[in-house]
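structure.pdb (PDB, C-alpha atoms and all ligand atoms) appears below.
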```pdb
ATOM      1  CA  MET Y   1      17.580 -39.107 -14.724  1.00  0.00           C
ATOM      2  CA  VAL Y   2      19.373 -40.634 -17.671  1.00  0.00           C
ATOM      3  CA  LEU Y   3      17.815 -43.618 -19.321  1.00  0.00           C
ATOM      4  CA  ARG Y   4      18.922 -45.686 -22.215  1.00  0.00           C
ATOM      5  CA  ILE Y   5      16.411 -46.913 -24.726  1.00  0.00           C
ATOM      6  CA  ASN Y   6      18.168 -49.406 -26.855  1.00  0.00           C
ATOM      7  CA  LYS Y   7      16.144 -50.597 -29.788  1.00  0.00           C
ATOM      8  CA  LYS Y   8      17.311 -52.598 -32.758  1.00  0.00           C
ATOM      9  CA  LYS Y   9      15.933 -51.412 -36.065  1.00  0.00           C
ATOM     10  CA  SER Y  10      13.700 -53.630 -38.163  1.00  0.00           C
ATOM     11  CA  VAL Y  11      10.826 -52.801 -40.475  1.00  0.00           C
ATOM     12  CA  ARG Y  12       8.289 -54.702 -38.405  1.00  0.00           C
ATOM     13  CA  GLU Y  13       9.420 -53.224 -35.135  1.00  0.00           C
ATOM     14  CA  ASN Y  14       9.643 -49.762 -36.614  1.00  0.00           C
ATOM     15  CA  SER Y  15       5.858 -49.589 -37.055  1.00  0.00           C
ATOM     16  CA  LYS Y  16       5.317 -50.838 -33.511  1.00  0.00           C
ATOM     17  CA  ARG Y  17       7.897 -48.698 -31.813  1.00  0.00           C
ATOM     18  CA  HIS Y  18       5.473 -46.017 -30.731  1.00  0.00           C
ATOM     19  CA  PHE Y  19       3.300 -48.549 -28.947  1.00  0.00           C
ATOM     20  CA  VAL Y  20       5.877 -50.944 -27.582  1.00  0.00           C
ATOM     21  CA  SER Y  21       4.914 -50.139 -23.967  1.00  0.00           C
ATOM     22  CA  TYR Y  22       1.421 -51.329 -24.828  1.00  0.00           C
ATOM     23  CA  SER Y  23       2.085 -54.223 -27.174  1.00  0.00           C
ATOM     24  CA  ASN Y  24       5.037 -55.633 -25.255  1.00  0.00           C
ATOM     25  CA  PRO Y  25       4.796 -54.517 -21.616  1.00  0.00           C
ATOM     26  CA  SER Y  26       7.459 -56.983 -20.495  1.00  0.00           C
ATOM     27  CA  SER Y  27      10.045 -55.622 -22.952  1.00  0.00           C
ATOM     28  CA  GLN Y  28      13.154 -53.760 -21.867  1.00  0.00           C
ATOM     29  CA  ILE Y  29      11.818 -50.552 -23.425  1.00  0.00           C
ATOM     30  CA  ALA Y  30       8.508 -50.755 -21.566  1.00  0.00           C
ATOM     31  CA  GLU Y  31      10.461 -51.350 -18.354  1.00  0.00           C
ATOM     32  CA  GLN Y  32      12.579 -48.276 -19.042  1.00  0.00           C
ATOM     33  CA  PHE Y  33       9.506 -46.124 -19.552  1.00  0.00           C
ATOM     34  CA  ARG Y  34       8.190 -47.396 -16.227  1.00  0.00           C
ATOM     35  CA  THR Y  35      11.473 -46.245 -14.704  1.00  0.00           C
ATOM     36  CA  ILE Y  36      11.015 -42.805 -16.279  1.00  0.00           C
ATOM     37  CA  ARG Y  37       7.469 -42.751 -14.908  1.00  0.00           C
ATOM     38  CA  THR Y  38       8.743 -43.573 -11.427  1.00  0.00           C
ATOM     39  CA  ASN Y  39      11.451 -40.918 -11.659  1.00  0.00           C
ATOM     40  CA  ILE Y  40       8.870 -38.297 -12.600  1.00  0.00           C
ATOM     41  CA  GLN Y  41       6.798 -39.334  -9.614  1.00  0.00           C
ATOM     42  CA  PHE Y  42       9.789 -39.042  -7.295  1.00  0.00           C
ATOM     43  CA  SER Y  43      10.628 -35.622  -8.681  1.00  0.00           C
ATOM     44  CA  SER Y  44       7.029 -34.599  -7.974  1.00  0.00           C
ATOM     45  CA  ILE Y  45       7.097 -35.209  -4.239  1.00  0.00           C
ATOM     46  CA  ASN Y  46       7.165 -31.539  -3.274  1.00  0.00           C
ATOM     47  CA  LYS Y  47       5.423 -30.138  -6.313  1.00  0.00           C
ATOM     48  CA  LYS Y  48       2.990 -31.996  -8.507  1.00  0.00           C
ATOM     49  CA  HIS Y  49       4.236 -32.190 -12.092  1.00  0.00           C
ATOM     50  CA  LYS Y  50       1.034 -32.402 -14.048  1.00  0.00           C
ATOM     51  CA  THR Y  51       1.922 -30.739 -17.320  1.00  0.00           C
ATOM     52  CA  LEU Y  52       5.028 -32.104 -18.993  1.00  0.00           C
ATOM     53  CA  ILE Y  53       6.526 -31.231 -22.347  1.00  0.00           C
ATOM     54  CA  ILE Y  54       8.681 -33.704 -24.261  1.00  0.00           C
ATOM     55  CA  THR Y  55      11.236 -32.050 -26.503  1.00  0.00           C
ATOM     56  CA  SER Y  56      14.699 -32.423 -28.002  1.00  0.00           C
ATOM     57  CA  PRO Y  57      17.304 -30.110 -29.519  1.00  0.00           C
ATOM     58  CA  SER Y  58      16.705 -31.192 -33.139  1.00  0.00           C
ATOM     59  CA  HIS Y  59      14.396 -33.124 -35.457  1.00  0.00           C
ATOM     60  CA  GLY Y  60      13.868 -36.872 -35.363  1.00  0.00           C
ATOM     61  CA  GLU Y  61      15.430 -37.593 -31.991  1.00  0.00           C
ATOM     62  CA  GLY Y  62      12.509 -39.621 -30.641  1.00  0.00           C
ATOM     63  CA  LYS Y  63      10.218 -37.031 -29.008  1.00  0.00           C
ATOM     64  CA  THR Y  64       6.984 -38.513 -30.328  1.00  0.00           C
ATOM     65  CA  THR Y  65       8.058 -42.101 -29.687  1.00  0.00           C
ATOM     66  CA  SER Y  66       9.004 -41.170 -26.116  1.00  0.00           C
ATOM     67  CA  ALA Y  67       5.860 -39.111 -25.520  1.00  0.00           C
ATOM     68  CA  ILE Y  68       3.554 -41.917 -26.651  1.00  0.00           C
ATOM     69  CA  ASN Y  69       5.353 -44.629 -24.685  1.00  0.00           C
ATOM     70  CA  LEU Y  70       5.455 -42.482 -21.564  1.00  0.00           C
ATOM     71  CA  ALA Y  71       1.754 -41.668 -21.958  1.00  0.00           C
ATOM     72  CA  ILE Y  72       0.975 -45.378 -22.264  1.00  0.00           C
ATOM     73  CA  SER Y  73       3.130 -46.218 -19.270  1.00  0.00           C
ATOM     74  CA  LEU Y  74       1.421 -43.593 -17.100  1.00  0.00           C
ATOM     75  CA  SER Y  75      -2.038 -44.720 -18.190  1.00  0.00           C
ATOM     76  CA  GLN Y  76      -1.162 -48.345 -17.409  1.00  0.00           C
ATOM     77  CA  GLN Y  77      -0.758 -47.468 -13.745  1.00  0.00           C
ATOM     78  CA  GLY Y  78      -4.271 -46.014 -13.725  1.00  0.00           C
ATOM     79  CA  ASP Y  79      -3.536 -42.348 -14.367  1.00  0.00           C
ATOM     80  CA  LYS Y  80      -5.908 -40.358 -16.522  1.00  0.00           C
ATOM     81  CA  VAL Y  81      -3.535 -39.076 -19.182  1.00  0.00           C
ATOM     82  CA  LEU Y  82      -3.928 -36.613 -22.027  1.00  0.00           C
ATOM     83  CA  LEU Y  83      -1.357 -36.629 -24.816  1.00  0.00           C
ATOM     84  CA  VAL Y  84      -1.436 -33.354 -26.747  1.00  0.00           C
ATOM     85  CA  ASP Y  85       0.300 -33.033 -30.103  1.00  0.00           C
ATOM     86  CA  ALA Y  86       1.675 -29.529 -29.757  1.00  0.00           C
ATOM     87  CA  ASN Y  87       4.012 -30.034 -32.701  1.00  0.00           C
ATOM     88  CA  LEU Y  88       1.900 -27.959 -35.064  1.00  0.00           C
ATOM     89  CA  ARG Y  89       4.690 -27.929 -37.660  1.00  0.00           C
ATOM     90  CA  ARG Y  90       5.421 -31.634 -38.175  1.00  0.00           C
ATOM     91  CA  PRO Y  91       2.652 -33.424 -36.299  1.00  0.00           C
ATOM     92  CA  THR Y  92       2.661 -37.225 -36.283  1.00  0.00           C
ATOM     93  CA  VAL Y  93       0.506 -38.243 -33.314  1.00  0.00           C
ATOM     94  CA  HIS Y  94      -2.662 -38.308 -35.474  1.00  0.00           C
ATOM     95  CA  SER Y  95      -1.145 -40.683 -38.029  1.00  0.00           C
ATOM     96  CA  THR Y  96       0.333 -42.895 -35.337  1.00  0.00           C
ATOM     97  CA  PHE Y  97      -3.084 -43.255 -33.706  1.00  0.00           C
ATOM     98  CA  ASN Y  98      -4.769 -43.510 -37.098  1.00  0.00           C
ATOM     99  CA  LEU Y  99      -6.734 -40.296 -36.657  1.00  0.00           C
ATOM    100  CA  LYS Y 100      -6.700 -38.936 -40.174  1.00  0.00           C
ATOM    101  CA  ASP Y 101      -8.247 -35.470 -40.621  1.00  0.00           C
ATOM    102  CA  ALA Y 102      -9.156 -35.288 -36.948  1.00  0.00           C
ATOM    103  CA  LEU Y 103      -9.951 -32.002 -35.273  1.00  0.00           C
ATOM    104  CA  GLY Y 104      -7.244 -30.963 -32.884  1.00  0.00           C
ATOM    105  CA  LEU Y 105      -5.383 -28.363 -30.888  1.00  0.00           C
ATOM    106  CA  SER Y 106      -5.353 -25.798 -33.729  1.00  0.00           C
ATOM    107  CA  GLU Y 107      -9.133 -25.845 -34.053  1.00  0.00           C
ATOM    108  CA  VAL Y 108      -9.538 -25.583 -30.277  1.00  0.00           C
ATOM    109  CA  LEU Y 109      -7.197 -22.586 -30.111  1.00  0.00           C
ATOM    110  CA  ILE Y 110      -8.904 -20.691 -32.923  1.00  0.00           C
ATOM    111  CA  GLY Y 111     -12.331 -21.465 -31.464  1.00  0.00           C
ATOM    112  CA  LYS Y 112     -13.458 -23.781 -34.250  1.00  0.00           C
ATOM    113  CA  ALA Y 113     -13.877 -26.798 -31.970  1.00  0.00           C
ATOM    114  CA  THR Y 114     -14.476 -27.402 -28.311  1.00  0.00           C
ATOM    115  CA  ILE Y 115     -11.947 -29.352 -26.252  1.00  0.00           C
ATOM    116  CA  GLU Y 116     -14.517 -32.123 -25.781  1.00  0.00           C
ATOM    117  CA  ASP Y 117     -15.090 -32.395 -29.538  1.00  0.00           C
ATOM    118  CA  ALA Y 118     -11.422 -32.635 -30.367  1.00  0.00           C
ATOM    119  CA  ILE Y 119     -10.166 -35.019 -27.684  1.00  0.00           C
ATOM    120  CA  VAL Y 120     -10.124 -38.669 -28.718  1.00  0.00           C
ATOM    121  CA  GLN Y 121     -10.369 -41.590 -26.306  1.00  0.00           C
ATOM    122  CA  THR Y 122      -8.049 -44.491 -26.994  1.00  0.00           C
ATOM    123  CA  GLN Y 123      -8.327 -48.197 -26.231  1.00  0.00           C
ATOM    124  CA  ILE Y 124      -5.345 -47.862 -23.893  1.00  0.00           C
ATOM    125  CA  GLY Y 125      -6.354 -47.435 -20.248  1.00  0.00           C
ATOM    126  CA  GLN Y 126      -7.430 -43.887 -19.510  1.00  0.00           C
ATOM    127  CA  LEU Y 127      -5.292 -42.432 -22.272  1.00  0.00           C
ATOM    128  CA  GLU Y 128      -6.856 -39.668 -24.329  1.00  0.00           C
ATOM    129  CA  VAL Y 129      -5.264 -37.888 -27.259  1.00  0.00           C
ATOM    130  CA  LEU Y 130      -5.599 -34.402 -28.667  1.00  0.00           C
ATOM    131  CA  PRO Y 131      -4.143 -34.399 -32.188  1.00  0.00           C
ATOM    132  CA  SER Y 132      -2.618 -31.270 -33.693  1.00  0.00           C
ATOM    133  CA  GLY Y 133      -5.456 -30.501 -36.118  1.00  0.00           C
ATOM    134  CA  ILE Y 134      -4.782 -28.405 -39.200  1.00  0.00           C
ATOM    135  CA  THR Y 135      -1.285 -27.032 -39.702  1.00  0.00           C
ATOM    136  CA  PRO Y 136      -1.631 -23.298 -39.074  1.00  0.00           C
ATOM    137  CA  PRO Y 137       0.433 -20.589 -40.801  1.00  0.00           C
ATOM    138  CA  ASN Y 138       1.407 -19.152 -37.415  1.00  0.00           C
ATOM    139  CA  PRO Y 139       2.214 -22.013 -34.997  1.00  0.00           C
ATOM    140  CA  ALA Y 140       4.271 -19.906 -32.569  1.00  0.00           C
ATOM    141  CA  GLU Y 141       1.519 -17.310 -32.308  1.00  0.00           C
ATOM    142  CA  LEU Y 142      -1.044 -19.995 -31.544  1.00  0.00           C
ATOM    143  CA  ILE Y 143       1.116 -21.763 -28.971  1.00  0.00           C
ATOM    144  CA  GLY Y 144       1.964 -18.446 -27.309  1.00  0.00           C
ATOM    145  CA  SER Y 145      -1.623 -17.205 -27.355  1.00  0.00           C
ATOM    146  CA  LYS Y 146      -3.957 -16.490 -24.450  1.00  0.00           C
ATOM    147  CA  ALA Y 147      -6.164 -19.242 -25.852  1.00  0.00           C
ATOM    148  CA  MET Y 148      -3.331 -21.708 -25.222  1.00  0.00           C
ATOM    149  CA  SER Y 149      -2.858 -20.669 -21.577  1.00  0.00           C
ATOM    150  CA  GLN Y 150      -6.613 -20.817 -21.144  1.00  0.00           C
ATOM    151  CA  PHE Y 151      -6.664 -24.286 -22.705  1.00  0.00           C
ATOM    152  CA  ILE Y 152      -3.936 -25.509 -20.310  1.00  0.00           C
ATOM    153  CA  LYS Y 153      -5.834 -24.072 -17.364  1.00  0.00           C
ATOM    154  CA  GLU Y 154      -9.043 -25.772 -18.405  1.00  0.00           C
ATOM    155  CA  ILE Y 155      -7.586 -29.231 -18.922  1.00  0.00           C
ATOM    156  CA  THR Y 156      -5.294 -29.294 -15.890  1.00  0.00           C
ATOM    157  CA  ASP Y 157      -8.016 -30.304 -13.456  1.00  0.00           C
ATOM    158  CA  GLU Y 158      -9.403 -32.949 -15.773  1.00  0.00           C
ATOM    159  CA  TYR Y 159      -6.318 -35.188 -15.942  1.00  0.00           C
ATOM    160  CA  ASP Y 160      -3.656 -36.638 -13.682  1.00  0.00           C
ATOM    161  CA  VAL Y 161      -0.950 -35.927 -16.257  1.00  0.00           C
ATOM    162  CA  ILE Y 162      -0.867 -33.973 -19.516  1.00  0.00           C
ATOM    163  CA  LEU Y 163       2.007 -34.683 -21.903  1.00  0.00           C
ATOM    164  CA  PHE Y 164       2.809 -32.296 -24.745  1.00  0.00           C
ATOM    165  CA  ASP Y 165       4.686 -33.549 -27.783  1.00  0.00           C
ATOM    166  CA  SER Y 166       6.536 -30.609 -29.341  1.00  0.00           C
ATOM    167  CA  PRO Y 167       8.865 -29.373 -32.083  1.00  0.00           C
ATOM    168  CA  PRO Y 168      12.648 -29.229 -31.528  1.00  0.00           C
ATOM    169  CA  VAL Y 169      13.594 -26.553 -29.036  1.00  0.00           C
ATOM    170  CA  LEU Y 170      16.535 -25.214 -31.058  1.00  0.00           C
ATOM    171  CA  GLU Y 171      14.490 -24.731 -34.199  1.00  0.00           C
ATOM    172  CA  THR Y 172      11.257 -23.079 -33.110  1.00  0.00           C
ATOM    173  CA  THR Y 173      10.025 -20.671 -30.490  1.00  0.00           C
ATOM    174  CA  ASP Y 174       6.864 -22.730 -29.909  1.00  0.00           C
ATOM    175  CA  THR Y 175       8.577 -25.137 -27.552  1.00  0.00           C
ATOM    176  CA  LYS Y 176      10.106 -22.405 -25.410  1.00  0.00           C
ATOM    177  CA  LEU Y 177       6.743 -20.659 -25.156  1.00  0.00           C
ATOM    178  CA  LEU Y 178       5.036 -23.865 -24.087  1.00  0.00           C
ATOM    179  CA  ALA Y 179       7.848 -25.084 -21.820  1.00  0.00           C
ATOM    180  CA  GLY Y 180       7.556 -21.899 -19.791  1.00  0.00           C
ATOM    181  CA  GLN Y 181       3.953 -22.781 -19.055  1.00  0.00           C
ATOM    182  CA  CYS Y 182       4.487 -26.443 -18.165  1.00  0.00           C
ATOM    183  CA  ASP Y 183       5.471 -27.903 -14.803  1.00  0.00           C
ATOM    184  CA  GLY Y 184       8.395 -29.801 -16.302  1.00  0.00           C
ATOM    185  CA  VAL Y 185      10.381 -30.724 -19.402  1.00  0.00           C
ATOM    186  CA  ILE Y 186      11.709 -34.104 -20.499  1.00  0.00           C
ATOM    187  CA  LEU Y 187      14.601 -33.690 -22.909  1.00  0.00           C
ATOM    188  CA  VAL Y 188      15.170 -36.461 -25.460  1.00  0.00           C
ATOM    189  CA  LEU Y 189      18.724 -36.836 -26.759  1.00  0.00           C
ATOM    190  CA  THR Y 190      19.969 -39.305 -29.336  1.00  0.00           C
ATOM    191  CA  SER Y 191      22.782 -41.331 -27.893  1.00  0.00           C
ATOM    192  CA  GLY Y 192      25.966 -40.768 -29.883  1.00  0.00           C
ATOM    193  CA  LYS Y 193      24.252 -38.297 -32.244  1.00  0.00           C
ATOM    194  CA  THR Y 194      23.067 -35.226 -30.375  1.00  0.00           C
ATOM    195  CA  ASP Y 195      25.966 -32.761 -30.203  1.00  0.00           C
ATOM    196  CA  ARG Y 196      27.023 -31.933 -26.694  1.00  0.00           C
ATOM    197  CA  GLU Y 197      26.815 -28.228 -27.611  1.00  0.00           C
ATOM    198  CA  LYS Y 198      23.256 -28.611 -28.877  1.00  0.00           C
ATOM    199  CA  ALA Y 199      22.184 -30.394 -25.719  1.00  0.00           C
ATOM    200  CA  ILE Y 200      23.766 -27.647 -23.592  1.00  0.00           C
ATOM    201  CA  GLU Y 201      22.156 -24.920 -25.719  1.00  0.00           C
ATOM    202  CA  ALA Y 202      18.738 -26.598 -25.478  1.00  0.00           C
ATOM    203  CA  ASN Y 203      19.080 -26.745 -21.713  1.00  0.00           C
ATOM    204  CA  ARG Y 204      20.171 -23.095 -21.616  1.00  0.00           C
ATOM    205  CA  LEU Y 205      17.205 -21.921 -23.705  1.00  0.00           C
ATOM    206  CA  LEU Y 206      14.824 -23.860 -21.495  1.00  0.00           C
ATOM    207  CA  ASN Y 207      16.371 -22.345 -18.371  1.00  0.00           C
ATOM    208  CA  LEU Y 208      15.912 -18.871 -19.869  1.00  0.00           C
ATOM    209  CA  VAL Y 209      12.149 -19.358 -19.930  1.00  0.00           C
ATOM    210  CA  ARG Y 210      12.317 -20.807 -16.407  1.00  0.00           C
ATOM    211  CA  ALA Y 211      11.340 -24.246 -17.597  1.00  0.00           C
ATOM    212  CA  LYS Y 212      12.279 -27.053 -15.265  1.00  0.00           C
ATOM    213  CA  VAL Y 213      14.141 -29.868 -17.004  1.00  0.00           C
ATOM    214  CA  LEU Y 214      13.146 -32.904 -14.960  1.00  0.00           C
ATOM    215  CA  GLY Y 215      15.308 -35.338 -16.852  1.00  0.00           C
ATOM    216  CA  VAL Y 216      16.827 -36.660 -20.019  1.00  0.00           C
ATOM    217  CA  ILE Y 217      15.827 -39.671 -22.085  1.00  0.00           C
ATOM    218  CA  LEU Y 218      18.818 -41.076 -23.886  1.00  0.00           C
ATOM    219  CA  ASN Y 219      17.381 -42.638 -27.017  1.00  0.00           C
ATOM    220  CA  GLU Y 220      19.807 -45.068 -28.573  1.00  0.00           C
ATOM    221  CA  ARG Y 221      19.233 -45.826 -32.234  1.00  0.00           C
ATOM    222  CA  ASN Y 222      20.987 -48.785 -33.781  1.00  0.00           C
TER     223      ASN Y 222
HETATM  224  N1  LIG Y 301      15.405 -45.974 -30.456  1.00  0.00           N
HETATM  225  C1  LIG Y 301      15.060 -45.958 -31.736  1.00  0.00           C
HETATM  226  N2  LIG Y 301      15.579 -46.843 -32.595  1.00  0.00           N
HETATM  227  C2  LIG Y 301      15.258 -46.824 -33.907  1.00  0.00           C
HETATM  228  N3  LIG Y 301      14.397 -45.963 -34.460  1.00  0.00           N
HETATM  229  C3  LIG Y 301      13.838 -45.035 -33.640  1.00  0.00           C
HETATM  230  C4  LIG Y 301      14.141 -44.982 -32.245  1.00  0.00           C
HETATM  231  N4  LIG Y 301      13.428 -43.947 -31.699  1.00  0.00           N
HETATM  232  C5  LIG Y 301      12.725 -43.391 -32.709  1.00  0.00           C
HETATM  233  N5  LIG Y 301      12.952 -44.045 -33.863  1.00  0.00           N
HETATM  234  C6  LIG Y 301      12.363 -43.767 -35.185  1.00  0.00           C
HETATM  235  O1  LIG Y 301      12.899 -42.537 -35.643  1.00  0.00           O
HETATM  236  C7  LIG Y 301      11.910 -41.762 -36.302  1.00  0.00           C
HETATM  237  C8  LIG Y 301      11.780 -40.426 -35.576  1.00  0.00           C
HETATM  238  O2  LIG Y 301      11.267 -40.682 -34.265  1.00  0.00           O
HETATM  239  P1  LIG Y 301      10.195 -39.701 -33.651  1.00  0.00           P
HETATM  240  O3  LIG Y 301       9.102 -39.422 -34.620  1.00  0.00           O
HETATM  241  O4  LIG Y 301       9.814 -40.244 -32.328  1.00  0.00           O
HETATM  242  O5  LIG Y 301      11.130 -38.415 -33.494  1.00  0.00           O
HETATM  243  P2  LIG Y 301      10.712 -36.924 -33.229  1.00  0.00           P
HETATM  244  O6  LIG Y 301      11.782 -36.331 -32.368  1.00  0.00           O
HETATM  245  O7  LIG Y 301       9.324 -36.873 -32.712  1.00  0.00           O
HETATM  246  O8  LIG Y 301      10.776 -36.301 -34.701  1.00  0.00           O
HETATM  247  P3  LIG Y 301      10.253 -34.832 -35.149  1.00  0.00           P
HETATM  248  O9  LIG Y 301      11.324 -33.856 -34.743  1.00  0.00           O
HETATM  249  O10 LIG Y 301      10.116 -34.957 -36.646  1.00  0.00           O
HETATM  250  O11 LIG Y 301       8.947 -34.598 -34.456  1.00  0.00           O
HETATM  251  C9  LIG Y 301      10.628 -42.591 -36.279  1.00  0.00           C
HETATM  252  O12 LIG Y 301      10.511 -43.308 -37.479  1.00  0.00           O
HETATM  253  C10 LIG Y 301      10.844 -43.554 -35.112  1.00  0.00           C
HETATM  254  O13 LIG Y 301      10.136 -44.764 -35.289  1.00  0.00           O
HETATM  255 MG    MG Y 302       7.658 -35.826 -33.426  1.00  0.00          MG
END
```

Encoding of this model in structure tokens:
Amino acid sequence: MVLRINKKKSVRENSKRHFVSYSNPSSQIAEQFRTIRTNIQFSSINKKHKTLIITSPSHGEGKTTSAINLAISLSQQGDKVLLVDANLRRPTVHSTFNLKDALGLSEVLIGKATIEDAIVQTQIGQLEVLPSGITPPNPAELIGSKAMSQFIKEITDEYDVILFDSPPVLETTDTKLLAGQCDGVILVLTSGKTDREKAIEANRLLNLVRAKVLGVILNERN
């Protein structure tokens, strides 16, 4: 699955990019996220892919933008979707959804908040969001903890799809730890920018933890 998301840069559009599937459902980008959605469904015929992690080799390649648009696209077809900001190092989902100082995944994992307290409902279909919460000193430990596997187990039955936004796979161990626990991985690459070697290495590292790369989003930045 290789998809091209071609978006011209402008200040106004930049602020809307994360929500383009919602604000402009007839746009080319929204259509491409529907195609990704369909491809995920086709790849799920024999095994249900409920927990998906969105990652990329390096920083700033469009993981969060892709995760949010995919979450919106899935919720628009009636799925109950949870978007989890598992990028505990450079989280941005809370600011994108205007959830300043919200409780989040960190508090849930250290037992300072319940899942119900931390999950936020959005105005978009059945899309719910779990922000990152406070930035912990030990993100990899938290993501690799028993509390995290327990959390995944608990939420799996509550949603049709759970999408995890994550840090770059080449730069942290968090993503590998989480990818090994998810049903599938969507790899975001920047068209013309991501080194071939980095993309291959990311794929190799994900294979090492037996993560299943379901497809690649080719994010084209102009
Ligand atoms: N196709 C695109 N065209 C232009 N700008 C884009 C495109 N995709 C993403 N961006 C912009 O690039 C920046 C980084 O995108 P995003 O936050 O989605 O990347 P990321 O991989 O999540 O970054 P990080 O590694 O820091 O978490 C954002 O300002 C976003 O609006
Ligand atoms: Mg991000």

Next item on the list: Expand the PyMOL selection byres (((chain Y and resi 97-111) around 8) and not hetatm) into the individual residues it matches in the shown file, reporting them as a PyMOL selection string.
Entry: chain Y and resi 84-86+88+93-96+112-115+117-119+130-136+142+147-148+151

Atoms kept (C-alpha atoms) for selection, written as a compact mmCIF listing (two decimals), in the frame of the given file:
```
# COMPACT_ATOMS: atom_id res chain seq x y z
CA VAL Y 84 -1.44 -33.35 -26.75
CA ASP Y 85 0.30 -33.03 -30.10
CA ALA Y 86 1.68 -29.53 -29.76
CA LEU Y 88 1.90 -27.96 -35.06
CA VAL Y 93 0.51 -38.24 -33.31
CA HIS Y 94 -2.66 -38.31 -35.47
CA SER Y 95 -1.14 -40.68 -38.03
CA THR Y 96 0.33 -42.90 -35.34
CA LYS Y 112 -13.46 -23.78 -34.25
CA ALA Y 113 -13.88 -26.80 -31.97
CA THR Y 114 -14.48 -27.40 -28.31
CA ILE Y 115 -11.95 -29.35 -26.25
CA ASP Y 117 -15.09 -32.40 -29.54
CA ALA Y 118 -11.42 -32.64 -30.37
CA ILE Y 119 -10.17 -35.02 -27.68
CA LEU Y 130 -5.60 -34.40 -28.67
CA PRO Y 131 -4.14 -34.40 -32.19
CA SER Y 132 -2.62 -31.27 -33.69
CA GLY Y 133 -5.46 -30.50 -36.12
CA ILE Y 134 -4.78 -28.40 -39.20
CA THR Y 135 -1.28 -27.03 -39.70
CA PRO Y 136 -1.63 -23.30 -39.07
CA LEU Y 142 -1.04 -20.00 -31.54
CA ALA Y 147 -6.16 -19.24 -25.85
CA MET Y 148 -3.33 -21.71 -25.22
CA PHE Y 151 -6.66 -24.29 -22.70
```

Notebook entry, point to check: Counting all atoms listed in the file, what is within 9 Å of Lys50 of chain Y, bar same-chain residues fewer than 2 positions away, as a VMD selection string?
Noted result: chain Y and resid 44 48 52 156 159 to 163 182 to 184

Checklist line | Top pick for closest residue to ligand MG 302 (chain Y), considering Y:Ser66, Y:Thr38, Y:Asn24, Y:Gln32 and counting all atoms listed in the file | finding: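 With all atoms listed in the file as the atom set, the closest residue is Y:Ser66.
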
Margin query: Which residues, named as in the file, does the PyMOL selection byres (((not hetatm)) within 12 of (chain Y and resi 302)) pick out? Answer as an NGL selection string.
Written below: :Y and (18 or 54-68 or 84-96 or 131-132 or 164-169 or 188)

Next item on the list: Select, from Y:Ala202, Y:Leu170, Y:Ala211, Y:Ile36, the residue with the minimum atom-to-atom distance to ligand LIG 301 (chain Y), counting all atoms listed in the file.
Entry: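 For ligand LIG 301 (chain Y), the nearest of the candidates is Y:Leu170.
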
Checklist line | One-decimal distance in Å that lies between atom CA of His49 of chain Y and atom CA of Gly180 of chain Y | finding: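 Taking atom CA of Gly180 of chain Y and atom CA of His49 of chain Y, their separation equals 13.3 Å.
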
Edge lengths and centre in Å to one decimal, as AutoDock Vina command-line options, is what I'm after for the box along x, y and z that holds all listed atoms of ligand LIG 301 (chain Y) once 4 Å is added on each side.
```
--center_x 12.3 --center_y -40.3 --center_z -34.0 --size_x 14.6 --size_y 21.0 --size_z 15.0
```

Margin query: For a quick check of understanding, using only C-alpha atoms, which of Y:Thr190, Y:Gln181, Y:Thr172, Y:Thr35 has the smallest distance to Ser145 of chain Y?
Written below: Y:Gln181

Next item on the list: Could you tell me how far atom CA of Ile200 of chain Y lies from atom O8 of ligand LIG 301 (chain Y), in Å and to one decimal?
Entry: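 That distance, rounded to one decimal, is 19.2 Å.
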
Next item on the list: Please indicate the distance in Å from atom CA of Val129 of chain Y to atom CA of Asn69 of chain Y, rounded to one decimal place.
Entry: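 Interatomic distance, atom CA of Val129 of chain Y to atom CA of Asn69 of chain Y: 12.8 Å.
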
Next item on the list: Decode the PyMOL selection byres (((chain Y and resi 31) around 12) and not hetatm) for the given file into explicit residues and return them as a ChimeraX atom specification.
Entry: /Y:3-6,20-22,24-30,32-38,69-70,72-74

Next item on the list: Compare Y:Ser43, Y:Gln77, Y:Gln123, Y:Thr51 by their minimum atom-to-atom distance to Ser149 of chain Y, counting only C-alpha atoms, and give me the closest one.
Entry: Y:Thr51

Margin query: Which residue is closest to Ser23 of chain Y? Choose from Y:Ala71, Y:Ile53, Y:Ile124, Y:Leu187 and count all atoms listed in the file.
Written below: Y:Ile124

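Of the listed residues Y:Glu197, Y:Glu220, Y:Glu171, Y:Asp157, the one whose atoms come nearest to ligand LIG 301 (chain Y) is Y:Glu220, with distances taken using only C-alpha atoms and all ligand atoms.
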